[in-house]
Each structure stands twice: as structure tokens, then as C-alpha cells.
>>> print(open('protein34.csv').read())   # CSV, C-alpha atoms and all ligand atoms
chain,number,residue,atom,x,y,z
W,1,MET,CA,0.0,0.0,0.0
W,2,LYS,CA,1.4,3.4,-1.0
W,3,ILE,CA,1.0,6.0,1.7
W,4,GLY,CA,1.5,9.8,1.0
W,5,LEU,CA,2.6,12.0,3.8
W,6,ALA,CA,2.4,15.8,4.0
W,7,SER,CA,2.6,18.4,6.8
W,8,ASP,CA,3.3,22.0,7.6
W,9,HIS,CA,5.8,23.1,10.1
W,10,ALA,CA,3.5,22.2,13.0
W,11,GLY,CA,3.2,18.6,11.8
W,12,TYR,CA,6.8,18.2,10.5
W,13,TYR,CA,8.2,16.1,13.4
W,14,MET,CA,5.2,13.9,13.6
W,15,LYS,CA,5.4,13.3,9.9
W,16,LYS,CA,9.0,12.2,10.2
W,17,TYR,CA,8.1,9.9,13.1
W,18,LEU,CA,5.2,8.4,11.2
W,19,ALA,CA,7.4,7.9,8.1
W,20,GLN,CA,9.9,5.8,10.1
W,21,TYR,CA,7.0,3.8,11.7
W,22,LEU,CA,5.4,3.2,8.3
W,23,LYS,CA,8.6,2.1,6.6
W,24,LYS,CA,9.3,-0.3,9.5
W,25,GLU,CA,5.8,-1.8,9.0
W,26,GLY,CA,6.6,-2.4,5.3
W,27,TYR,CA,4.5,0.4,3.7
W,28,GLU,CA,5.7,2.3,0.7
W,29,VAL,CA,6.0,6.0,1.8
W,30,ILE,CA,5.9,9.1,-0.4
W,31,ASP,CA,6.7,12.3,1.4
W,32,PHE,CA,5.1,15.3,-0.3
W,33,GLY,CA,7.0,17.7,1.9
W,34,PRO,CA,8.2,19.9,3.3
W,35,ASP,CA,11.7,18.4,3.3
W,36,ILE,CA,13.1,20.7,6.0
W,37,LEU,CA,11.6,22.4,9.0
W,38,LYS,CA,10.5,25.8,7.9
W,39,LYS,CA,7.3,27.9,8.2
W,40,VAL,CA,5.0,26.9,5.4
W,41,ASP,CA,1.4,27.0,4.5
W,42,TYR,CA,-0.5,23.8,5.0
W,43,PRO,CA,-2.7,24.1,1.9
W,44,ASP,CA,0.4,23.9,-0.3
W,45,TYR,CA,1.6,20.6,1.0
W,46,GLY,CA,-1.9,19.2,1.8
W,47,ALA,CA,-2.9,19.8,-1.8
W,48,ARG,CA,0.1,17.9,-3.2
W,49,ALA,CA,-0.8,14.7,-1.3
W,50,SER,CA,-4.5,15.2,-1.8
W,51,MET,CA,-4.1,15.6,-5.6
W,52,ALA,CA,-2.0,12.4,-5.7
W,53,LEU,CA,-4.7,10.6,-3.8
W,54,SER,CA,-7.4,11.9,-6.0
W,55,ASN,CA,-5.5,10.8,-9.1
W,56,GLY,CA,-4.9,7.3,-7.7
W,57,LYS,CA,-1.1,7.7,-7.4
W,58,ILE,CA,-1.2,6.8,-3.7
W,59,ASP,CA,-3.7,4.6,-1.7
W,60,ARG,CA,-3.9,6.7,1.5
W,61,ALA,CA,-2.8,10.1,2.6
W,62,ILE,CA,-1.8,11.2,6.1
W,63,LEU,CA,-1.8,14.9,6.5
W,64,ILE,CA,-0.5,16.7,9.6
W,65,CYS,CA,-0.8,20.3,10.7
W,66,GLY,CA,-1.1,21.9,14.1
W,67,THR,CA,-4.7,20.8,14.7
W,68,GLY,CA,-5.4,18.7,11.6
W,69,ILE,CA,-8.3,21.0,10.8
W,70,GLY,CA,-6.7,22.9,8.0
W,71,MET,CA,-5.4,19.7,6.4
W,72,SER,CA,-8.8,18.1,6.5
W,73,ILE,CA,-10.4,21.2,4.9
W,74,ILE,CA,-8.0,21.3,2.0
W,75,ALA,CA,-8.1,17.5,1.5
W,76,ASN,CA,-11.9,17.4,1.3
W,77,ARG,CA,-11.8,19.8,-1.7
W,78,PHE,CA,-10.4,17.1,-3.9
W,79,PRO,CA,-12.6,14.7,-5.8
W,80,ASP,CA,-12.9,11.2,-4.2
W,81,VAL,CA,-10.9,12.3,-1.2
W,82,ARG,CA,-12.6,11.6,2.1
W,83,ALA,CA,-10.5,13.0,4.9
W,84,ALA,CA,-11.2,12.4,8.5
W,85,LEU,CA,-9.6,14.3,11.4
W,86,CYS,CA,-9.0,11.7,14.1
W,87,TYR,CA,-7.7,12.2,17.6
W,88,THR,CA,-8.4,8.6,18.9
W,89,PRO,CA,-8.0,5.1,17.4
W,90,PHE,CA,-11.8,4.7,17.7
W,91,LEU,CA,-12.4,7.6,15.4
W,92,ALA,CA,-10.0,6.2,12.9
W,93,GLU,CA,-11.8,2.8,13.1
W,94,ILE,CA,-15.2,4.4,12.4
W,95,ALA,CA,-13.8,6.7,9.8
W,96,ARG,CA,-12.7,3.6,7.8
W,97,LEU,CA,-15.7,1.3,8.7
W,98,HIS,CA,-18.5,3.9,8.1
W,99,ASN,CA,-16.9,6.7,5.9
W,100,ASP,CA,-14.4,4.8,3.9
W,101,ALA,CA,-12.0,7.6,4.7
W,102,ASN,CA,-8.9,7.5,2.5
W,103,ALA,CA,-7.1,10.5,4.1
W,104,LEU,CA,-6.3,10.8,7.8
W,105,ALA,CA,-5.7,14.3,9.2
W,106,LEU,CA,-3.8,14.6,12.5
W,107,GLY,CA,-3.0,17.4,14.9
W,108,GLY,CA,0.7,17.6,15.6
W,109,ARG,CA,0.2,20.0,18.4
W,110,ILE,CA,-2.7,18.1,19.9
W,111,ILE,CA,-1.6,14.5,20.3
W,112,ALA,CA,1.6,12.6,21.1
W,113,ASN,CA,3.5,10.8,18.3
W,114,GLU,CA,2.9,7.4,20.0
W,115,LEU,CA,-0.9,8.0,19.9
W,116,ALA,CA,-0.6,9.2,16.3
W,117,CYS,CA,1.1,5.8,15.4
W,118,GLU,CA,-1.7,3.8,17.0
W,119,ILE,CA,-4.3,6.0,15.1
W,120,VAL,CA,-2.4,5.4,11.9
W,121,ARG,CA,-2.2,1.6,12.5
W,122,VAL,CA,-6.0,1.3,13.1
W,123,PHE,CA,-6.7,3.6,10.1
W,124,LEU,CA,-4.6,1.5,7.7
W,125,GLU,CA,-5.7,-1.9,9.0
W,126,THR,CA,-9.5,-1.3,9.2
W,127,LYS,CA,-11.6,-2.2,6.1
W,128,PHE,CA,-14.6,-0.3,4.9
W,129,GLY,CA,-17.9,-1.8,6.1
W,130,GLY,CA,-19.8,-1.3,2.8
W,131,GLY,CA,-23.6,-1.9,2.7
W,132,ARG,CA,-25.6,1.0,4.0
W,133,HIS,CA,-22.4,3.0,4.4
W,134,LEU,CA,-21.7,2.7,0.7
W,135,ARG,CA,-25.2,4.1,-0.1
W,136,ARG,CA,-24.5,7.1,2.1
W,137,ILE,CA,-21.1,7.8,0.5
W,138,LYS,CA,-22.6,7.6,-2.9
W,139,LYS,CA,-25.0,10.4,-1.9
W,140,ILE,CA,-22.1,12.5,-0.9
W,141,GLU,CA,-20.3,11.9,-4.2
W,142,LYS,CA,-23.5,12.9,-6.1
W,143,LEU,CA,-23.5,16.2,-4.3
W,144,ALA,CA,-19.9,17.0,-5.2
W,145,LEU,CA,-20.3,20.1,-7.3
W,146,HIS,CA,-16.7,20.8,-8.0
W,147,ARG,CA,-14.8,18.5,-10.4
W,148,PHE,CA,-11.2,19.0,-11.2
W,149,GLU,CA,-9.4,17.9,-14.3
W,150,LYS,CA,-7.6,14.6,-13.4
H,1,LIG,C1,-0.1,26.8,11.8
H,1,LIG,O1,0.3,27.7,12.9
H,1,LIG,C2,-1.5,26.3,12.1
H,1,LIG,O2,-2.4,27.3,11.9
H,1,LIG,C3,-1.7,25.1,11.2
H,1,LIG,O3,-0.7,24.1,11.5
H,1,LIG,C4,-3.0,24.3,11.4
H,1,LIG,O4,-3.3,24.1,12.8
H,1,LIG,C5,-4.2,24.8,10.7
H,1,LIG,O5,-5.3,24.2,10.7
>>> encode(input="protein34.csv", output="C-alpha cells")
Amino acid sequence: MKIGLASDHAGYYMKKYLAQYLKKEGYEVIDFGPDILKKVDYPDYGARASMALSNGKIDRAILICGTGIGMSIIANRFPDVRAALCYTPFLAEIARLHNDANALALGGRIIANELACEIVRVFLETKFGGGRHLRRIKKIEKLALHRFEK
């Protein structure tokens, strides 16, 4: 499974920590930046990873800013991206089971790296439940008014 990572300065160290964890677990990791710690704007890097997810170049995106809020907002602008901001493993489980979330937003200033790892583990290992949940997701997709050139 190909995992795209992106952050801003507030999520930079958590991104590095998660990249190490994911590689150790055998995932292919693509880091969409930033490559060094500097003050940056989360939409720039969030958009890179979200675009790749939308285009099918990666299977999941993990997006980290200070709160995770900005990253979830930018990610959800892209077609077929369903980003969930999760602060607990339970939220990550439900985001996969019920919402088929393919992007995970995390708050680098809110939770510890160890908890973020557990949230990521659950997010990547939980399968979508389908059934009535698929019907609901299809309703969301029908309402998506903005379509980008892929
Ligand atoms: C950066 O200071 C901060 O605003 C950003 O990381 C994020 O929390 C935005 O949602």
C-alpha cells in the first residue's frame, strides 16, 4: 500500500516519526514535503498529497498540521478524497468502517507521536464496512459540485 505524507511546520516532526514507523511496517511511503523544517502554508503541501490521492497515485494520505483542521479542509476539496480528522483510534476505526475515509488528518500540536502511530495503525488496518455506508457515501459523491481535471 502506498502512503502519502504531508505536513506543515507544526506537523513536521510527527510526519518524520510516522514515516519511520510506516517504513518499518513495510509500507511504501511518499513524502510530499516539506523536506526541511521551515514555516510553510498547510494548503500547499496538503494539496500535493490530496491531488496524488485523488489521481490514484497513492492509496492513502496522512496529513498533519497543528490541529489537523486545515489539512482536513483542504483535502476534502479534492474529488474522491474523504479526509477524517481523528484524535483517537476509535475515530480512525469508524472513519474507515463507516466513511471509507482514505485520508487521515492529524494534529501535531494536539496528540503525542505514539498515539498518532496507533491511530495510523488502526486507520490502515480497518476495512470499509460497505452496505448502508456505501449508499451514504454515494449520496455525498452525487452532491460533489466541483470537479477537477484529473
Ligand atoms: C499553523 O500555525 C497552524 O495554523 C496550522 O498548523 C493548522 O493548525 C491549521 O489548521
>>> residues_around(input="protein34.csv", residues="stretch 85-99 of chain W", least_positions_apart="2", cutoff="8 Å", atoms="all atoms listed in the file", output="PyMOL selection string")
chain W and resi 68-69+72+82-83+101-102+104-107+111+115-116+118-120+122-123+126-130+133+137
>>> residues_near_point(input="protein34.csv", point="(-2.4, 18.4, 12.5)", cutoff="12 Å", atoms="all atoms listed in the file", output="PyMOL selection string")
chain W and resi 5-15+42+46+62-73+84-87+104-113+116
>>> atom_distance(input="protein34.csv", atom1="atom O3 of ligand LIG 1 (chain H)", atom2="atom CA of W:Ala75")
14.1 Å
>>> closest_residue(input="protein34.csv", among="W:Ile140, W:Lys16, W:Lys2, W:Asp35", to="W:Ile58", atoms="only C-alpha atoms")
W:Lys2
>>> atom_distance(input="protein34.csv", atom1="atom CA of W:Ala103", atom2="atom CA of W:Ala52")
11.2 Å
>>> residues_around(input="protein34.csv", residues="W:Ser54", least_positions_apart="2", cutoff="8 Å", atoms="all atoms listed in the file", output="list in words")
Ser50, Met51, Ala52, Gly56, Lys57, Phe78, Pro79, Asp80, Val81 and Lys150 of chain W
>>> closest_residue(input="protein34.csv", among="W:Leu134, W:Ile36, W:Ala49, W:Ile74", to="ligand LIG 1 (chain H)", atoms="all atoms listed in the file")
W:Ile74
>>> closest_residue(input="protein34.csv", among="W:Lys24, W:Lys39, W:Arg121, W:Lys138", to="ligand LIG 1 (chain H)", atoms="only C-alpha atoms and all ligand atoms")
W:Lys39
>>> closest_residue(input="protein34.csv", among="W:Ala144, W:Met1, W:Asp41, W:Arg48", to="ligand LIG 1 (chain H)", atoms="all atoms listed in the file")
W:Asp41
>>> atom_distance(input="protein34.csv", atom1="atom CA of W:Tyr21", atom2="atom O4 of ligand LIG 1 (chain H)")
22.8 Å
>>> decode(input="protein34.csv", residues="stretch 20-138 of chain W", atoms="C-alpha atoms", output="PDB file, in the first residue's frame")
ATOM      1  CA  GLN W  20       9.851   5.830  10.111  1.00  0.00           C
ATOM      2  CA  TYR W  21       7.046   3.794  11.653  1.00  0.00           C
ATOM      3  CA  LEU W  22       5.355   3.156   8.301  1.00  0.00           C
ATOM      4  CA  LYS W  23       8.585   2.094   6.593  1.00  0.00           C
ATOM      5  CA  LYS W  24       9.318  -0.282   9.468  1.00  0.00           C
ATOM      6  CA  GLU W  25       5.847  -1.784   8.971  1.00  0.00           C
ATOM      7  CA  GLY W  26       6.612  -2.368   5.277  1.00  0.00           C
ATOM      8  CA  TYR W  27       4.523   0.394   3.698  1.00  0.00           C
ATOM      9  CA  GLU W  28       5.748   2.344   0.689  1.00  0.00           C
ATOM     10  CA  VAL W  29       5.973   5.970   1.802  1.00  0.00           C
ATOM     11  CA  ILE W  30       5.931   9.059  -0.399  1.00  0.00           C
ATOM     12  CA  ASP W  31       6.706  12.306   1.413  1.00  0.00           C
ATOM     13  CA  PHE W  32       5.069  15.300  -0.263  1.00  0.00           C
ATOM     14  CA  GLY W  33       7.008  17.692   1.915  1.00  0.00           C
ATOM     15  CA  PRO W  34       8.201  19.913   3.318  1.00  0.00           C
ATOM     16  CA  ASP W  35      11.688  18.350   3.305  1.00  0.00           C
ATOM     17  CA  ILE W  36      13.085  20.653   5.960  1.00  0.00           C
ATOM     18  CA  LEU W  37      11.564  22.353   8.968  1.00  0.00           C
ATOM     19  CA  LYS W  38      10.516  25.843   7.885  1.00  0.00           C
ATOM     20  CA  LYS W  39       7.348  27.904   8.207  1.00  0.00           C
ATOM     21  CA  VAL W  40       5.046  26.866   5.366  1.00  0.00           C
ATOM     22  CA  ASP W  41       1.356  27.034   4.498  1.00  0.00           C
ATOM     23  CA  TYR W  42      -0.541  23.779   5.049  1.00  0.00           C
ATOM     24  CA  PRO W  43      -2.690  24.103   1.858  1.00  0.00           C
ATOM     25  CA  ASP W  44       0.427  23.918  -0.341  1.00  0.00           C
ATOM     26  CA  TYR W  45       1.569  20.551   0.976  1.00  0.00           C
ATOM     27  CA  GLY W  46      -1.868  19.196   1.779  1.00  0.00           C
ATOM     28  CA  ALA W  47      -2.903  19.823  -1.819  1.00  0.00           C
ATOM     29  CA  ARG W  48       0.072  17.903  -3.220  1.00  0.00           C
ATOM     30  CA  ALA W  49      -0.765  14.746  -1.309  1.00  0.00           C
ATOM     31  CA  SER W  50      -4.532  15.150  -1.821  1.00  0.00           C
ATOM     32  CA  MET W  51      -4.074  15.590  -5.580  1.00  0.00           C
ATOM     33  CA  ALA W  52      -1.999  12.394  -5.706  1.00  0.00           C
ATOM     34  CA  LEU W  53      -4.696  10.554  -3.754  1.00  0.00           C
ATOM     35  CA  SER W  54      -7.419  11.931  -5.991  1.00  0.00           C
ATOM     36  CA  ASN W  55      -5.457  10.789  -9.063  1.00  0.00           C
ATOM     37  CA  GLY W  56      -4.884   7.297  -7.687  1.00  0.00           C
ATOM     38  CA  LYS W  57      -1.104   7.699  -7.369  1.00  0.00           C
ATOM     39  CA  ILE W  58      -1.245   6.812  -3.679  1.00  0.00           C
ATOM     40  CA  ASP W  59      -3.682   4.635  -1.718  1.00  0.00           C
ATOM     41  CA  ARG W  60      -3.908   6.682   1.482  1.00  0.00           C
ATOM     42  CA  ALA W  61      -2.824  10.134   2.625  1.00  0.00           C
ATOM     43  CA  ILE W  62      -1.768  11.153   6.109  1.00  0.00           C
ATOM     44  CA  LEU W  63      -1.829  14.915   6.543  1.00  0.00           C
ATOM     45  CA  ILE W  64      -0.523  16.695   9.609  1.00  0.00           C
ATOM     46  CA  CYS W  65      -0.774  20.306  10.666  1.00  0.00           C
ATOM     47  CA  GLY W  66      -1.065  21.865  14.119  1.00  0.00           C
ATOM     48  CA  THR W  67      -4.658  20.816  14.708  1.00  0.00           C
ATOM     49  CA  GLY W  68      -5.399  18.699  11.622  1.00  0.00           C
ATOM     50  CA  ILE W  69      -8.299  21.026  10.843  1.00  0.00           C
ATOM     51  CA  GLY W  70      -6.680  22.940   7.982  1.00  0.00           C
ATOM     52  CA  MET W  71      -5.404  19.746   6.378  1.00  0.00           C
ATOM     53  CA  SER W  72      -8.831  18.106   6.539  1.00  0.00           C
ATOM     54  CA  ILE W  73     -10.439  21.170   4.941  1.00  0.00           C
ATOM     55  CA  ILE W  74      -8.020  21.294   2.017  1.00  0.00           C
ATOM     56  CA  ALA W  75      -8.082  17.517   1.452  1.00  0.00           C
ATOM     57  CA  ASN W  76     -11.864  17.393   1.252  1.00  0.00           C
ATOM     58  CA  ARG W  77     -11.825  19.836  -1.682  1.00  0.00           C
ATOM     59  CA  PHE W  78     -10.418  17.123  -3.946  1.00  0.00           C
ATOM     60  CA  PRO W  79     -12.635  14.650  -5.804  1.00  0.00           C
ATOM     61  CA  ASP W  80     -12.873  11.206  -4.243  1.00  0.00           C
ATOM     62  CA  VAL W  81     -10.872  12.273  -1.202  1.00  0.00           C
ATOM     63  CA  ARG W  82     -12.617  11.582   2.090  1.00  0.00           C
ATOM     64  CA  ALA W  83     -10.477  13.009   4.854  1.00  0.00           C
ATOM     65  CA  ALA W  84     -11.189  12.415   8.532  1.00  0.00           C
ATOM     66  CA  LEU W  85      -9.608  14.295  11.411  1.00  0.00           C
ATOM     67  CA  CYS W  86      -9.007  11.698  14.109  1.00  0.00           C
ATOM     68  CA  TYR W  87      -7.737  12.183  17.646  1.00  0.00           C
ATOM     69  CA  THR W  88      -8.443   8.639  18.860  1.00  0.00           C
ATOM     70  CA  PRO W  89      -8.041   5.123  17.422  1.00  0.00           C
ATOM     71  CA  PHE W  90     -11.824   4.675  17.746  1.00  0.00           C
ATOM     72  CA  LEU W  91     -12.448   7.635  15.430  1.00  0.00           C
ATOM     73  CA  ALA W  92      -9.971   6.166  12.941  1.00  0.00           C
ATOM     74  CA  GLU W  93     -11.773   2.820  13.065  1.00  0.00           C
ATOM     75  CA  ILE W  94     -15.179   4.388  12.445  1.00  0.00           C
ATOM     76  CA  ALA W  95     -13.779   6.695   9.751  1.00  0.00           C
ATOM     77  CA  ARG W  96     -12.734   3.577   7.841  1.00  0.00           C
ATOM     78  CA  LEU W  97     -15.704   1.338   8.674  1.00  0.00           C
ATOM     79  CA  HIS W  98     -18.467   3.884   8.069  1.00  0.00           C
ATOM     80  CA  ASN W  99     -16.950   6.656   5.942  1.00  0.00           C
ATOM     81  CA  ASP W 100     -14.368   4.775   3.863  1.00  0.00           C
ATOM     82  CA  ALA W 101     -12.010   7.643   4.675  1.00  0.00           C
ATOM     83  CA  ASN W 102      -8.886   7.488   2.526  1.00  0.00           C
ATOM     84  CA  ALA W 103      -7.101  10.468   4.085  1.00  0.00           C
ATOM     85  CA  LEU W 104      -6.267  10.845   7.759  1.00  0.00           C
ATOM     86  CA  ALA W 105      -5.694  14.293   9.237  1.00  0.00           C
ATOM     87  CA  LEU W 106      -3.769  14.563  12.495  1.00  0.00           C
ATOM     88  CA  GLY W 107      -2.990  17.401  14.884  1.00  0.00           C
ATOM     89  CA  GLY W 108       0.734  17.571  15.562  1.00  0.00           C
ATOM     90  CA  ARG W 109       0.176  20.050  18.385  1.00  0.00           C
ATOM     91  CA  ILE W 110      -2.697  18.088  19.914  1.00  0.00           C
ATOM     92  CA  ILE W 111      -1.636  14.468  20.308  1.00  0.00           C
ATOM     93  CA  ALA W 112       1.614  12.614  21.059  1.00  0.00           C
ATOM     94  CA  ASN W 113       3.540  10.779  18.348  1.00  0.00           C
ATOM     95  CA  GLU W 114       2.875   7.400  19.990  1.00  0.00           C
ATOM     96  CA  LEU W 115      -0.891   7.955  19.920  1.00  0.00           C
ATOM     97  CA  ALA W 116      -0.646   9.156  16.316  1.00  0.00           C
ATOM     98  CA  CYS W 117       1.078   5.850  15.448  1.00  0.00           C
ATOM     99  CA  GLU W 118      -1.750   3.834  16.977  1.00  0.00           C
ATOM    100  CA  ILE W 119      -4.342   5.950  15.124  1.00  0.00           C
ATOM    101  CA  VAL W 120      -2.444   5.384  11.858  1.00  0.00           C
ATOM    102  CA  ARG W 121      -2.196   1.637  12.508  1.00  0.00           C
ATOM    103  CA  VAL W 122      -5.961   1.317  13.063  1.00  0.00           C
ATOM    104  CA  PHE W 123      -6.708   3.574  10.090  1.00  0.00           C
ATOM    105  CA  LEU W 124      -4.600   1.459   7.723  1.00  0.00           C
ATOM    106  CA  GLU W 125      -5.735  -1.924   9.013  1.00  0.00           C
ATOM    107  CA  THR W 126      -9.507  -1.348   9.176  1.00  0.00           C
ATOM    108  CA  LYS W 127     -11.597  -2.249   6.141  1.00  0.00           C
ATOM    109  CA  PHE W 128     -14.637  -0.347   4.885  1.00  0.00           C
ATOM    110  CA  GLY W 129     -17.944  -1.828   6.060  1.00  0.00           C
ATOM    111  CA  GLY W 130     -19.839  -1.288   2.759  1.00  0.00           C
ATOM    112  CA  GLY W 131     -23.609  -1.895   2.670  1.00  0.00           C
ATOM    113  CA  ARG W 132     -25.645   1.033   4.009  1.00  0.00           C
ATOM    114  CA  HIS W 133     -22.437   3.023   4.420  1.00  0.00           C
ATOM    115  CA  LEU W 134     -21.695   2.750   0.713  1.00  0.00           C
ATOM    116  CA  ARG W 135     -25.170   4.097  -0.071  1.00  0.00           C
ATOM    117  CA  ARG W 136     -24.451   7.132   2.097  1.00  0.00           C
ATOM    118  CA  ILE W 137     -21.058   7.776   0.517  1.00  0.00           C
ATOM    119  CA  LYS W 138     -22.618   7.617  -2.939  1.00  0.00           C
TER     120      LYS W 138
END
